[in-house]
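> Just so it is clear, I am handing over target.cif, which has mmCIF, C-alpha atoms.
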data_work
loop_
_atom_site.label_atom_id
_atom_site.label_comp_id
_atom_site.auth_asym_id
_atom_site.auth_seq_id
_atom_site.Cartn_x
_atom_site.Cartn_y
_atom_site.Cartn_z
CA MET A 1216 83.50 129.60 87.44
CA THR A 1217 85.89 127.68 85.18
CA LYS A 1218 89.01 126.34 86.88
CA SER A 1219 92.29 125.62 85.10
CA ILE A 1220 94.73 122.77 85.69
CA ALA A 1221 98.33 122.69 84.42
CA VAL A 1222 99.37 119.22 83.20
CA ASP A 1223 102.97 118.05 82.89
CA CYS A 1224 102.51 115.89 79.79
CA MET A 1225 106.08 114.56 79.77
CA GLY A 1226 106.16 113.07 83.28
CA GLY A 1227 105.62 109.34 83.84
CA ASP A 1228 106.72 106.04 82.37
CA SER A 1229 104.44 106.19 79.31
CA ALA A 1230 104.19 109.93 78.72
CA PRO A 1231 102.85 111.69 76.79
CA LYS A 1232 100.50 109.03 75.36
CA VAL A 1233 98.98 107.90 78.68
CA ILE A 1234 98.61 111.50 79.85
CA ILE A 1235 96.62 112.47 76.76
CA GLU A 1236 94.54 109.29 76.90
CA GLY A 1237 93.78 110.03 80.55
CA LEU A 1238 92.65 113.52 79.64
CA LYS A 1239 90.25 112.09 77.05
CA VAL A 1240 88.83 109.74 79.70
CA VAL A 1241 88.11 112.81 81.85
CA PHE A 1242 86.40 114.66 79.01
CA ASP A 1243 84.35 111.61 78.03
CA SER A 1244 83.20 111.18 81.66
CA GLY A 1245 81.38 114.50 81.44
CA VAL A 1246 83.66 116.71 83.55
CA GLU A 1247 82.90 120.36 82.80
CA ASP A 1248 84.03 123.85 83.82
CA VAL A 1249 87.73 122.87 83.82
CA HIS A 1250 90.30 124.08 81.29
CA PHE A 1251 93.63 122.27 80.93
CA ASN A 1252 96.99 123.89 80.17
CA LEU A 1253 99.17 121.18 78.63
CA PHE A 1254 102.97 121.48 78.79
CA GLY A 1255 105.20 119.25 76.65
CA ASP A 1256 107.72 119.00 73.84
CA ASP A 1257 107.11 118.43 70.11
CA SER A 1258 106.09 114.79 70.66
CA LEU A 1259 102.77 116.06 71.97
CA GLU A 1260 101.69 116.84 68.42
CA GLU A 1261 101.41 113.11 67.69
CA PHE A 1262 99.03 112.39 70.57
CA VAL A 1263 96.89 115.50 71.07
CA PRO A 1264 94.58 114.47 68.18
CA LEU A 1265 93.60 111.44 70.31
CA ILE A 1266 91.51 113.79 72.46
CA GLY A 1267 89.19 114.57 69.56
CA GLY A 1268 88.10 117.79 67.91
CA LYS A 1269 84.97 118.28 69.99
CA TYR A 1270 87.11 119.00 73.06
CA SER A 1271 89.56 121.35 71.33
CA ASP A 1272 88.32 124.40 73.27
CA ARG A 1273 88.88 122.65 76.60
CA PHE A 1274 92.68 122.74 76.54
CA SER A 1275 95.68 124.82 75.45
CA VAL A 1276 99.10 123.46 74.49
CA TYR A 1277 102.37 125.12 75.53
CA GLY A 1278 105.79 124.06 74.26
CA ALA A 1279 108.47 122.98 76.69
CA PRO A 1280 111.98 121.68 75.96
CA ALA A 1281 112.61 117.98 76.58
CA VAL A 1282 114.38 117.45 79.93
CA ASP A 1283 114.93 113.92 81.29
CA LEU A 1284 114.08 114.17 85.00
CA LYS A 1285 113.79 110.45 85.73
CA ASN A 1286 117.09 110.07 87.58
CA MET A 1287 117.76 113.71 88.36
CA LYS A 1288 118.49 114.66 91.97
CA PRO A 1289 116.25 117.39 93.42
CA SER A 1290 119.19 119.80 93.83
CA VAL A 1291 120.03 119.42 90.13
CA ALA A 1292 116.38 119.65 89.10
CA ILE A 1293 116.04 123.08 90.69
CA ARG A 1294 118.79 124.39 88.40
CA MET A 1295 118.03 122.40 85.24
CA ALA A 1296 114.28 121.84 85.10
CA LYS A 1297 112.62 125.22 85.61
CA ASN A 1298 111.95 125.43 81.87
CA SER A 1299 110.90 121.79 81.54
CA SER A 1300 107.26 120.76 81.15
CA MET A 1301 107.15 120.12 84.90
CA GLY A 1302 108.75 123.44 85.81
CA LEU A 1303 106.56 125.47 83.46
CA ALA A 1304 103.41 123.74 84.73
CA ILE A 1305 104.28 124.68 88.32
CA GLN A 1306 105.23 128.19 87.19
CA SER A 1307 101.78 128.63 85.67
CA VAL A 1308 100.27 128.06 89.13
CA LYS A 1309 102.65 130.60 90.63
CA ASN A 1310 101.69 133.14 87.95
CA GLY A 1311 97.98 132.58 88.52
CA GLU A 1312 97.50 131.15 85.02
CA SER A 1313 96.48 127.77 86.46
CA ASP A 1314 94.69 126.90 89.70
CA ALA A 1315 96.47 123.57 90.19
CA CYS A 1316 99.20 121.40 88.73
CA ILE A 1317 99.47 117.65 88.15
CA SER A 1318 102.46 115.51 87.13
CA ALA A 1319 103.45 111.83 87.03
CA GLY A 1320 107.14 112.74 86.84
CA ASN A 1321 110.12 112.48 89.20
CA THR A 1322 108.80 112.94 92.75
CA GLY A 1323 111.96 114.52 94.17
CA ALA A 1324 112.23 117.03 91.33
CA TYR A 1325 108.51 117.80 91.55
CA MET A 1326 108.72 118.49 95.28
CA ALA A 1327 111.89 120.58 95.02
CA LEU A 1328 110.61 122.74 92.15
CA SER A 1329 107.21 123.21 93.82
CA LYS A 1330 108.83 124.28 97.08
CA VAL A 1331 111.11 126.81 95.34
CA LEU A 1332 108.47 128.25 93.01
CA LEU A 1333 105.35 128.21 95.19
CA LYS A 1334 106.93 128.51 98.67
CA MET A 1335 105.60 126.90 101.82
CA ILE A 1336 102.59 127.78 103.95
CA PRO A 1337 103.94 129.80 106.92
CA GLY A 1338 104.73 127.48 109.83
CA ILE A 1339 105.37 124.41 107.64
CA GLU A 1340 108.96 123.43 106.84
CA ARG A 1341 108.51 120.71 104.20
CA PRO A 1342 105.78 119.48 101.86
CA ALA A 1343 104.42 115.98 102.37
CA ILE A 1344 102.78 113.63 99.87
CA ALA A 1345 99.33 112.62 101.10
CA THR A 1346 96.55 110.50 99.69
CA TYR A 1347 93.78 108.34 101.03
CA ILE A 1348 93.96 104.57 100.99
CA PRO A 1349 91.14 102.01 101.34
CA LYS A 1350 90.58 100.16 104.61
CA ASP A 1351 87.97 97.89 106.11
CA ASN A 1352 85.48 100.64 106.99
CA GLY A 1353 86.16 103.31 104.37
CA ASN A 1354 89.36 105.28 103.73
CA CYS A 1355 92.19 106.80 105.72
CA VAL A 1356 94.75 109.49 104.90
CA MET A 1357 98.42 108.52 104.85
CA LEU A 1358 101.45 110.83 104.69
CA ASP A 1359 104.32 111.29 103.93
CA LEU A 1360 104.49 108.85 101.02
CA GLY A 1361 107.92 109.68 99.68
CA ALA A 1362 108.72 113.39 99.65
CA ASN A 1363 110.99 113.34 102.73
CA ALA A 1364 113.21 110.35 103.43
CA ASP A 1365 114.71 111.95 106.55
CA CYS A 1366 112.47 113.83 108.97
CA SER A 1367 112.73 115.73 112.23
CA PRO A 1368 110.13 115.58 115.02
CA LYS A 1369 108.89 119.00 113.79
CA ASN A 1370 108.28 117.52 110.32
CA ILE A 1371 106.27 114.61 111.77
CA ILE A 1372 104.18 117.04 113.82
CA ASP A 1373 103.57 119.23 110.73
CA PHE A 1374 102.51 116.15 108.76
CA ALA A 1375 100.09 115.19 111.53
CA ILE A 1376 98.49 118.66 111.55
CA MET A 1377 98.25 118.80 107.75
CA GLY A 1378 96.96 115.22 107.60
CA GLU A 1379 94.23 116.05 110.08
CA ALA A 1380 93.18 119.03 107.94
CA PHE A 1381 93.30 116.86 104.79
CA ALA A 1382 91.03 114.27 106.44
CA ARG A 1383 88.55 116.96 107.45
CA VAL A 1384 88.32 118.17 103.86
CA ARG A 1385 88.71 114.99 101.78
CA LEU A 1386 87.05 112.46 104.11
CA GLY A 1387 84.54 114.80 105.72
CA LYS A 1388 85.68 113.84 109.24
CA GLU A 1389 84.73 116.32 111.94
CA SER A 1390 87.38 115.08 114.39
CA PRO A 1391 89.87 112.84 112.54
CA LYS A 1392 91.69 110.24 114.62
CA VAL A 1393 95.46 110.57 114.06
CA ALA A 1394 98.23 108.03 114.71
CA ILE A 1395 101.95 107.77 113.98
CA LEU A 1396 103.20 104.64 112.16
CA ASN A 1397 105.67 102.77 114.35
CA ILE A 1398 107.20 99.35 114.97
CA GLY A 1399 104.95 98.92 118.01
CA ALA A 1400 101.82 100.46 119.50
CA GLU A 1401 103.39 100.93 122.96
CA ASP A 1402 104.55 104.47 123.77
CA ILE A 1403 108.09 103.23 124.55
CA LYS A 1404 108.64 101.83 121.03
CA GLY A 1405 110.25 103.52 118.02
CA ASN A 1406 113.21 105.73 117.16
CA LEU A 1407 114.03 109.11 118.71
CA VAL A 1408 112.20 111.05 115.99
CA VAL A 1409 108.79 109.45 116.50
CA GLN A 1410 109.30 109.36 120.27
CA ASP A 1411 109.99 113.11 120.38
CA ALA A 1412 107.08 113.90 118.05
CA TYR A 1413 104.76 111.77 120.20
CA LYS A 1414 105.87 113.58 123.37
CA GLN A 1415 105.44 117.07 121.90
CA ILE A 1416 101.98 116.28 120.53
CA THR A 1417 100.75 114.84 123.82
CA ASP A 1418 102.47 117.34 126.15
CA ASN A 1419 101.20 120.35 124.19
CA ASN A 1420 97.83 118.88 123.20
CA LEU A 1421 98.51 119.72 119.54
CA LEU A 1422 95.85 117.38 118.13
CA LYS A 1423 92.30 116.98 119.41
CA ASN A 1424 92.06 113.26 118.65
CA PHE A 1425 95.57 111.78 118.84
CA HIS A 1426 95.69 107.99 119.15
CA GLY A 1427 99.45 107.57 119.58
CA PHE A 1428 101.30 104.84 117.68
CA ILE A 1429 99.95 102.30 115.21
CA GLU A 1430 101.61 99.26 113.61
CA GLY A 1431 101.50 98.56 109.88
CA ASP A 1432 99.14 95.60 110.15
CA GLN A 1433 96.56 97.76 111.96
CA ILE A 1434 96.14 100.37 109.20
CA PHE A 1435 93.39 98.52 107.36
CA LYS A 1436 91.47 97.27 110.40
CA THR A 1437 91.19 100.20 112.83
CA ASP A 1438 89.19 103.41 112.98
CA ILE A 1439 92.31 105.57 112.48
CA ASP A 1440 91.67 108.36 109.94
CA VAL A 1441 95.23 109.68 109.51
CA VAL A 1442 98.43 107.61 109.49
CA VAL A 1443 101.58 109.75 109.82
CA THR A 1444 105.09 108.64 108.92
CA ASP A 1445 108.33 109.84 107.35
CA GLY A 1446 108.61 109.56 103.57
CA PHE A 1447 111.04 106.63 103.70
CA SER A 1448 108.79 104.33 105.73
CA GLY A 1449 105.62 105.69 104.14
CA ASN A 1450 106.77 105.00 100.59
CA ILE A 1451 107.85 101.47 101.47
CA ALA A 1452 104.53 100.81 103.22
CA LEU A 1453 102.61 102.12 100.20
CA LYS A 1454 104.61 100.14 97.63
CA VAL A 1455 104.41 96.91 99.65
CA THR A 1456 100.66 97.37 99.98
CA GLU A 1457 100.19 98.04 96.26
CA GLY A 1458 102.43 95.11 95.33
CA THR A 1459 100.54 92.79 97.65
CA VAL A 1460 97.20 93.85 96.16
CA ARG A 1461 98.46 93.22 92.63
CA PHE A 1462 99.88 89.84 93.68
CA ILE A 1463 96.59 88.76 95.26
CA MET A 1464 94.59 89.91 92.24
CA GLU A 1465 96.87 87.96 89.90
CA ARG A 1466 96.60 84.82 92.05
CA VAL A 1467 92.82 85.09 92.17
CA LYS A 1468 92.67 85.40 88.37
CA LYS A 1469 94.92 82.35 87.96
CA ALA A 1470 92.80 80.35 90.41
CA PHE A 1471 89.68 80.94 88.35
CA LYS A 1472 91.41 79.78 85.17
CA THR A 1473 92.38 76.37 86.58
CA ASN A 1474 89.61 74.30 84.96
CA TRP A 1475 86.08 74.51 83.58
CA LEU A 1476 84.55 74.40 87.07
CA THR A 1477 86.59 77.36 88.35
CA LYS A 1478 85.79 79.27 85.15
CA LEU A 1479 82.09 78.65 85.77
CA SER A 1480 82.52 79.83 89.36
CA TYR A 1481 84.08 83.04 88.08
CA LEU A 1482 81.04 83.76 85.92
CA ILE A 1483 78.84 83.40 89.00
CA LEU A 1484 81.07 85.52 91.25
CA LYS A 1485 82.29 88.04 88.67
CA LYS A 1486 80.23 91.04 89.83
CA ALA A 1487 81.18 90.58 93.48
CA LEU A 1488 84.86 90.12 92.62
CA VAL A 1489 84.99 93.19 90.38
CA ARG A 1490 83.30 95.28 93.07
CA ASN A 1491 85.58 94.18 95.93
CA LEU A 1492 88.89 93.85 94.10
CA GLY A 1493 88.22 97.08 92.18
CA PHE A 1494 87.98 98.87 95.53
CA LEU A 1495 91.55 97.73 96.26
CA ASN A 1496 92.99 98.65 92.84
CA PRO A 1497 95.67 101.36 93.43
CA GLY A 1498 94.73 103.05 90.14
CA ASN A 1499 91.31 103.86 91.56
CA HIS A 1500 92.96 105.91 94.30
CA ASN A 1501 95.58 107.67 92.16
CA GLY A 1502 96.33 111.33 92.84
CA ALA A 1503 98.33 112.34 95.91
CA MET A 1504 98.60 115.96 97.03
CA LEU A 1505 101.80 117.71 98.11
CA LEU A 1506 100.59 119.30 101.33
CA GLY A 1507 102.10 122.43 102.83
CA LEU A 1508 102.64 124.39 99.61
CA ASN A 1509 101.13 127.75 98.68
CA GLY A 1510 99.34 126.11 95.79
CA ILE A 1511 97.65 122.89 94.75
CA VAL A 1512 100.17 120.36 93.43
CA VAL A 1513 99.09 116.77 92.77
CA LYS A 1514 101.33 113.75 92.09
CA SER A 1515 100.24 110.81 89.96
CA HIS A 1516 101.87 107.38 89.97
CA GLY A 1517 104.60 107.31 87.35
CA GLY A 1518 103.50 103.93 86.03
CA THR A 1519 99.79 104.70 85.85
CA ASP A 1520 97.53 103.87 82.93
CA ALA A 1521 95.04 106.26 81.30
CA VAL A 1522 92.23 105.48 83.74
CA GLY A 1523 94.57 105.95 86.69
CA PHE A 1524 95.73 109.34 85.41
CA ALA A 1525 92.12 110.34 84.81
CA ASN A 1526 91.40 109.48 88.45
CA ALA A 1527 94.31 111.69 89.52
CA ILE A 1528 92.85 114.57 87.50
CA LYS A 1529 89.45 114.04 89.12
CA ALA A 1530 91.11 114.08 92.56
CA THR A 1531 92.74 117.40 91.62
CA ILE A 1532 89.36 118.83 90.63
CA LYS A 1533 87.86 117.74 93.96
CA ILE A 1534 90.71 119.37 95.89
CA LEU A 1535 90.13 122.57 93.92
CA GLU A 1536 86.45 122.52 94.82
CA ASP A 1537 87.34 122.15 98.51
CA ASP A 1538 89.53 125.32 98.54
CA PHE A 1539 92.03 123.13 100.33
CA VAL A 1540 95.06 125.42 100.72
CA GLN A 1541 93.05 128.09 102.50
CA ARG A 1542 91.49 125.52 104.80
CA VAL A 1543 94.90 124.11 105.75
CA LYS A 1544 96.16 127.61 106.53
CA GLU A 1545 93.18 128.16 108.83
CA GLN A 1546 93.77 124.79 110.51
CA ILE A 1547 97.43 125.62 111.19
CA GLU A 1548 96.52 129.04 112.58
CA ASN A 1549 94.06 127.40 114.97
CA GLN A 1550 96.86 125.18 116.28
CA GLU A 1551 99.05 128.13 117.24
#
Would you mind writing the file's structure down as structure tokens?


Amino acid sequence: MTKSIAVDCMGGDSAPKVIIEGLKVVFDSGVEDVHFNLFGDDSLEEFVPLIGGKYSDRFSVYGAPAVDLKNMKPSVAIRMAKNSSMGLAIQSVKNGESDACISAGNTGAYMALSKVLLKMIPGIERPAIATYIPKDNGNCVMLDLGANADCSPKNIIDFAIMGEAFARVRLGKESPKVAILNIGAEDIKGNLVVQDAYKQITDNNLLKNFHGFIEGDQIFKTDIDVVVTDGFSGNIALKVTEGTVRFIMERVKKAFKTNWLTKLSYLILKKALVRNLGFLNPGNHNGAMLLGLNGIVVKSHGGTDAVGFANAIKATIKILEDDFVQRVKEQIENQE
């Protein structure tokens, strides 16, 4: 059965060009049985031909007025952006015209509009941005990555439950190991929010495989499957990690350009370097889901390139195949 994905073509630093180029990458990779509903203003007309005529039956274009959401507060976005490309893309999911939505636009506006239009899964107060990140022995889920700067203990607990469900579906883990990000692994460390969340989870046995607290430098070296945090700390942790990876990759490239001997060494080691450093490239893991909503809503990095956006689309398709929203609902019901 053909699925449909709504695409906000105006969101992101290089929209709509990168969005359209990313869509072509998806088509050229052989993805089938997915139709795309593209939302954008008149500037789309310049870039849509880049997709190519042979794919013309794989997408539909819908006009949307230009609305600059880059610096718009969520409260303003709810009032001003419902008829924007982002708002109309989310609305198409609400109306059943699309099965999922993807955008590289303003995260706060995206979250606020999605929450208002799609509503929350019963029992969940706020959506959380979740994705999986590479570590020494595979991948782990991390959330929240920026949707909620201030959180209550209830929010942290909700994130932990949703993250566990996400790991079951996306990582295929039968009993995901969950931990809360903290400034220390000892149970006496941390602020009142994480302390309270920790106590409620342990006292009420809310998670089958709860590890407790984890420090930032342990994320990539332990067997933890789900790292839970508030959006403020989570976004900082994510951006620092991505920046460090880019810095290391740039330094490695410079090192191999030092002289003829290092250039020769690069030719010998090229395949191994591409394989290992490519695994760390943030663009290869693009596509974070807003968990807790009554619909599938995926967030792409705003500064992504075409390949990165294509990877976000492919992540959206995988989430669709997993029937994720229904599985999260069942997971939450089992916790009650």

> So, counting all atoms listed in the file, which residue among A:Val1263, A:Cys1316, A:Ile1403, A:Ile1372 is closest to Asp1359 (chain A)?

A:Ile1372

> Rank A:Ala1364, A:Ala1521, A:Ile1220, A:Ile1528 by their smallest atom-to-atom distance to Lys1232 (chain A), using only C-alpha atoms, and report the top residue only.

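Of the candidates, the smallest distance to Lys1232 (chain A) is held by A:Ala1521.
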
> So what do you get for CA of Arg1294 (chain A) versus CA of Lys1334 (chain A), distance-wise?

16.2 Å

> Which distance in Å separates CA of Leu1396 (chain A) and CA of Gly1431 (chain A), to one decimal?

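Straight-line distance from CA of Leu1396 (chain A) to CA of Gly1431 (chain A) works out to 6.7 Å.
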
> Mind giving me the axis-aligned box for region 1468-1472 of chain A with 6 Å on every side, centre plus edges in Å to one decimal, as JSON?


{"center_x": 92.3, "center_y": 82.6, "center_z": 87.8, "size_x": 17.2, "size_y": 17.6, "size_z": 17.2}

> Could you list the residues chosen by the PyMOL selection byres ((chain A and resi 1356) around 12) in this structure as a short mmCIF file (atom, residue, chain, number, x, y, z; two decimals) with C-alpha atoms, in the frame of the given file?


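Written output follows (result04.cif):
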data_model
loop_
_atom_site.label_atom_id
_atom_site.label_comp_id
_atom_site.auth_asym_id
_atom_site.auth_seq_id
_atom_site.Cartn_x
_atom_site.Cartn_y
_atom_site.Cartn_z
CA ALA A 1343 104.42 115.98 102.37
CA ILE A 1344 102.78 113.63 99.87
CA ALA A 1345 99.33 112.62 101.10
CA THR A 1346 96.55 110.50 99.69
CA TYR A 1347 93.78 108.34 101.03
CA ILE A 1348 93.96 104.57 100.99
CA PRO A 1349 91.14 102.01 101.34
CA LYS A 1350 90.58 100.16 104.61
CA GLY A 1353 86.16 103.31 104.37
CA ASN A 1354 89.36 105.28 103.73
CA CYS A 1355 92.19 106.80 105.72
CA MET A 1357 98.42 108.52 104.85
CA LEU A 1358 101.45 110.83 104.69
CA ASP A 1359 104.32 111.29 103.93
CA LEU A 1360 104.49 108.85 101.02
CA PHE A 1374 102.51 116.15 108.76
CA ALA A 1375 100.09 115.19 111.53
CA ILE A 1376 98.49 118.66 111.55
CA MET A 1377 98.25 118.80 107.75
CA GLY A 1378 96.96 115.22 107.60
CA GLU A 1379 94.23 116.05 110.08
CA ALA A 1380 93.18 119.03 107.94
CA PHE A 1381 93.30 116.86 104.79
CA ALA A 1382 91.03 114.27 106.44
CA ARG A 1383 88.55 116.96 107.45
CA VAL A 1384 88.32 118.17 103.86
CA ARG A 1385 88.71 114.99 101.78
CA LEU A 1386 87.05 112.46 104.11
CA GLY A 1387 84.54 114.80 105.72
CA LYS A 1388 85.68 113.84 109.24
CA PRO A 1391 89.87 112.84 112.54
CA LYS A 1392 91.69 110.24 114.62
CA VAL A 1393 95.46 110.57 114.06
CA ALA A 1394 98.23 108.03 114.71
CA ILE A 1395 101.95 107.77 113.98
CA ILE A 1434 96.14 100.37 109.20
CA PHE A 1435 93.39 98.52 107.36
CA ASP A 1438 89.19 103.41 112.98
CA ILE A 1439 92.31 105.57 112.48
CA ASP A 1440 91.67 108.36 109.94
CA VAL A 1441 95.23 109.68 109.51
CA VAL A 1442 98.43 107.61 109.49
CA VAL A 1443 101.58 109.75 109.82
CA THR A 1444 105.09 108.64 108.92
CA GLY A 1449 105.62 105.69 104.14
CA LEU A 1453 102.61 102.12 100.20
CA HIS A 1500 92.96 105.91 94.30
CA ALA A 1503 98.33 112.34 95.91
CA MET A 1504 98.60 115.96 97.03
CA LEU A 1506 100.59 119.30 101.33
#

> Which one of A:Leu1265, A:Ile1463, A:Met1326, A:Val1308 sits closest to Asn1252 (chain A) if you count only C-alpha atoms?

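For Asn1252 (chain A), the nearest of the given residues is A:Val1308.
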
> From the list A:Pro1337, A:Gly1446, A:Pro1368, A:Gly1311, which residue is nearest Gln1410 (chain A) when using only C-alpha atoms?

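Of all the options, A:Pro1368 lies closest to Gln1410 (chain A).
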
> So which one's closest to Phe1274 (chain A), A:Tyr1325, A:Tyr1481, A:Phe1242, A:Phe1428? Using only C-alpha atoms, please.

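Closest to Phe1274 (chain A) of all the choices is A:Phe1242.
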